[in-house]
Amino acid sequence: RIARELTLALRDSKEKYRMVADFTYDWETWRQPDGNFKYVSPSCERITGHSVAEFMEDPELLLRITHPDDRTRLTAHFGTTAQADCEPEVRMDFRLQDAQGRLLWISHSSVVVHGENGRYLGRRESYRDISERKQAEALLQEEYTRLEGVIEGTRAGTWEWNVQTGEVV
């Protein structure tokens with residue numbers, strides 16, 4: 001009876017883990033101190049077009065599909081994975097080329113993972129496709145630059161008046 005209860009509890013625990021880990025929208029990983037992955041979520045395929053198996057078998061795949069201008073920065077970050085005293089939390093944006101050849105912007109964040117006994121277990125990483133946000137930011141910057149050119153080109157002055165506070169800029 002105890003064995004059956006333990007089996008059911010273990011099954012329930014595995015199901016909860018799978019629900020949280022395998023069905024997350026973002027691409028989640030656990031990178032071990034040796035640089036290999038202990039876990040890669042299935043969302044990697046939705047984002048990159050590459051399967052979990054491809055990333056598990058080849059931890060360098062991510063660096064190879066990273067845009068050349070961003071690769072050095074990402075390589076430096078991953079190079080510290082083996083160090084227990086590495087930066088506890090890292091956030092960065094970088095570009096990669098997915099399996100269909102599209103250029104994507106990715107937001108990466110990672111945190112150091114320690115076991116209950118304090119032993120360093122690697123890094124927990126999260127990747128999110130932020131391509132739409134980056135495109136919107138680029139359009140806003142283009143519009144700002146255009147309007148700035150119009151104001152400078154016409155030698156017009158501008159001012160703003162906050163009616164509620166009376167502040168004039």
# chains A, B, ... in the order shown; residues from 1 in each chain; ligands from 1
call {"tool": "select_by_dssp", "arguments": {"residues": "chain A", "states": "alpha helix (DSSP H)", "output": "NGL selection string"}}
result
:A and (2-22 or 43-48 or 52-57 or 61-65 or 68-79 or 131-154)
call {"tool": "select_by_dssp", "arguments": {"residues": "chain A", "states": "strand (DSSP E)", "output": "JSON list (two decimals) with C-alpha atoms, in the first residue's frame"}}
result
[["chain", "number", "residue", "atom", "x", "y", "z"],
["A", 27, "TRP", "CA", 11.78, 28.39, -24.49],
["A", 28, "GLU", "CA", 13.26, 27.23, -21.18],
["A", 29, "THR", "CA", 16.53, 25.40, -20.54],
["A", 30, "TRP", "CA", 18.71, 24.16, -17.72],
["A", 31, "ARG", "CA", 22.38, 24.36, -18.71],
["A", 37, "PHE", "CA", 21.73, 20.91, -21.40],
["A", 38, "LYS", "CA", 19.98, 18.97, -18.69],
["A", 39, "TYR", "CA", 16.59, 20.16, -19.99],
["A", 40, "VAL", "CA", 15.26, 21.98, -23.08],
["A", 89, "GLU", "CA", 21.45, 36.97, -13.17],
["A", 90, "VAL", "CA", 22.01, 37.92, -16.82],
["A", 91, "ARG", "CA", 19.62, 39.58, -19.26],
["A", 92, "MET", "CA", 20.40, 40.38, -22.89],
["A", 93, "ASP", "CA", 18.80, 40.66, -26.29],
["A", 94, "PHE", "CA", 20.38, 39.06, -29.34],
["A", 95, "ARG", "CA", 19.48, 37.96, -32.84],
["A", 96, "LEU", "CA", 19.37, 34.47, -34.29],
["A", 97, "GLN", "CA", 18.41, 32.90, -37.57],
["A", 103, "LEU", "CA", 16.11, 36.70, -38.41],
["A", 104, "LEU", "CA", 14.57, 36.82, -34.92],
["A", 105, "TRP", "CA", 15.22, 38.98, -31.90],
["A", 106, "ILE", "CA", 15.46, 36.95, -28.70],
["A", 107, "SER", "CA", 15.30, 38.18, -25.11],
["A", 108, "HIS", "CA", 17.50, 35.96, -22.94],
["A", 109, "SER", "CA", 17.56, 35.80, -19.17],
["A", 110, "SER", "CA", 19.39, 33.35, -16.98],
["A", 111, "VAL", "CA", 19.90, 32.75, -13.28],
["A", 112, "VAL", "CA", 22.33, 30.63, -11.30],
["A", 113, "VAL", "CA", 20.94, 27.33, -9.98],
["A", 114, "HIS", "CA", 22.11, 25.79, -6.70],
["A", 120, "TYR", "CA", 26.36, 24.76, -8.14],
["A", 121, "LEU", "CA", 24.10, 23.06, -10.73],
["A", 122, "GLY", "CA", 24.46, 25.46, -13.67],
["A", 123, "ARG", "CA", 22.08, 28.06, -15.05],
["A", 124, "ARG", "CA", 18.36, 28.21, -15.69],
["A", 125, "GLU", "CA", 17.72, 30.04, -18.97],
["A", 126, "SER", "CA", 14.69, 31.54, -20.64],
["A", 127, "TYR", "CA", 14.36, 32.70, -24.26],
["A", 128, "ARG", "CA", 11.50, 34.77, -25.70],
["A", 129, "ASP", "CA", 10.92, 35.89, -29.29]]
call {"tool": "closest_residue", "arguments": {"among": "A:Gln141, A:Asn36, A:Gln164, A:Thr72", "to": "Asp58 (chain A)", "atoms": "only C-alpha atoms"}}
result
A:Asn36
call {"tool": "residues_around", "arguments": {"residues": "region 42-52 of chain A", "least_positions_apart": "5", "cutoff": "7 Å", "atoms": "only C-alpha atoms", "output": "list of chain:residue names"}}
result
A:Asp22, A:Tyr25, A:Asp26, A:Trp27, A:Asp98, A:Ala99, A:Asp129
call {"tool": "write_last_selection", "arguments": {"atoms": "all heavy atoms", "output": "JSON list (two decimals), in the first residue's frame"}}
result
[["chain", "number", "residue", "atom", "x", "y", "z"],
["A", 22, "ASP", "N", 7.12, 21.62, -19.69],
["A", 22, "ASP", "CA", 6.92, 21.32, -21.11],
["A", 22, "ASP", "C", 5.88, 22.19, -21.80],
["A", 22, "ASP", "O", 5.86, 22.27, -23.02],
["A", 22, "ASP", "CB", 6.54, 19.85, -21.30],
["A", 22, "ASP", "CG", 7.71, 18.91, -21.07],
["A", 22, "ASP", "OD1", 8.85, 19.39, -20.92],
["A", 22, "ASP", "OD2", 7.48, 17.69, -21.03],
["A", 25, "TYR", "N", 5.26, 28.83, -22.56],
["A", 25, "TYR", "CA", 5.27, 29.49, -23.86],
["A", 25, "TYR", "C", 6.70, 29.82, -24.28],
["A", 25, "TYR", "O", 7.07, 29.64, -25.43],
["A", 25, "TYR", "CB", 4.43, 30.78, -23.80],
["A", 25, "TYR", "CG", 4.33, 31.46, -25.14],
["A", 25, "TYR", "CD1", 3.50, 30.95, -26.14],
["A", 25, "TYR", "CD2", 5.07, 32.59, -25.42],
["A", 25, "TYR", "CE1", 3.42, 31.55, -27.38],
["A", 25, "TYR", "CE2", 4.99, 33.21, -26.66],
["A", 25, "TYR", "CZ", 4.17, 32.69, -27.63],
["A", 25, "TYR", "OH", 4.09, 33.28, -28.86],
["A", 26, "ASP", "N", 7.49, 30.31, -23.34],
["A", 26, "ASP", "CA", 8.88, 30.64, -23.64],
["A", 26, "ASP", "C", 9.71, 29.37, -23.73],
["A", 26, "ASP", "O", 9.34, 28.32, -23.22],
["A", 26, "ASP", "CB", 9.46, 31.55, -22.56],
["A", 26, "ASP", "CG", 8.84, 32.93, -22.58],
["A", 26, "ASP", "OD1", 8.27, 33.33, -23.61],
["A", 26, "ASP", "OD2", 8.93, 33.62, -21.55],
["A", 27, "TRP", "N", 10.83, 29.49, -24.35],
["A", 27, "TRP", "CA", 11.78, 28.39, -24.49],
["A", 27, "TRP", "C", 12.63, 28.39, -23.24],
["A", 27, "TRP", "O", 13.32, 29.35, -22.95],
["A", 27, "TRP", "CB", 12.55, 28.63, -25.76],
["A", 27, "TRP", "CG", 13.81, 27.87, -25.99],
["A", 27, "TRP", "CD1", 14.19, 26.69, -25.44],
["A", 27, "TRP", "CD2", 14.86, 28.26, -26.87],
["A", 27, "TRP", "NE1", 15.41, 26.31, -25.92],
["A", 27, "TRP", "CE2", 15.85, 27.27, -26.81],
["A", 27, "TRP", "CE3", 15.06, 29.34, -27.69],
["A", 27, "TRP", "CZ2", 17.01, 27.33, -27.55],
["A", 27, "TRP", "CZ3", 16.22, 29.40, -28.43],
["A", 27, "TRP", "CH2", 17.18, 28.40, -28.36],
["A", 98, "ASP", "N", 16.41, 31.52, -37.53],
["A", 98, "ASP", "CA", 15.70, 30.27, -37.28],
["A", 98, "ASP", "C", 15.91, 29.29, -38.44],
["A", 98, "ASP", "O", 16.58, 29.62, -39.43],
["A", 98, "ASP", "CB", 14.21, 30.53, -36.99],
["A", 98, "ASP", "CG", 13.40, 30.96, -38.20],
["A", 98, "ASP", "OD1", 13.92, 30.97, -39.34],
["A", 98, "ASP", "OD2", 12.21, 31.28, -38.02],
["A", 99, "ALA", "N", 15.37, 28.11, -38.31],
["A", 99, "ALA", "CA", 15.58, 27.05, -39.30],
["A", 99, "ALA", "C", 15.02, 27.42, -40.69],
["A", 99, "ALA", "O", 15.47, 26.87, -41.69],
["A", 99, "ALA", "CB", 14.95, 25.74, -38.82],
["A", 129, "ASP", "N", 10.87, 35.21, -27.99],
["A", 129, "ASP", "CA", 10.92, 35.89, -29.29],
["A", 129, "ASP", "C", 10.32, 37.29, -29.10],
["A", 129, "ASP", "O", 9.15, 37.44, -28.77],
["A", 129, "ASP", "CB", 10.11, 35.10, -30.32],
["A", 129, "ASP", "CG", 10.12, 35.73, -31.70],
["A", 129, "ASP", "OD1", 10.62, 36.86, -31.86],
["A", 129, "ASP", "OD2", 9.60, 35.09, -32.63]]
call {"tool": "closest_residue", "arguments": {"among": "A:Pro88, A:Thr145, A:Leu63, A:Gly157", "to": "Ala76 (chain A)", "atoms": "only C-alpha atoms"}}
result
A:Leu63
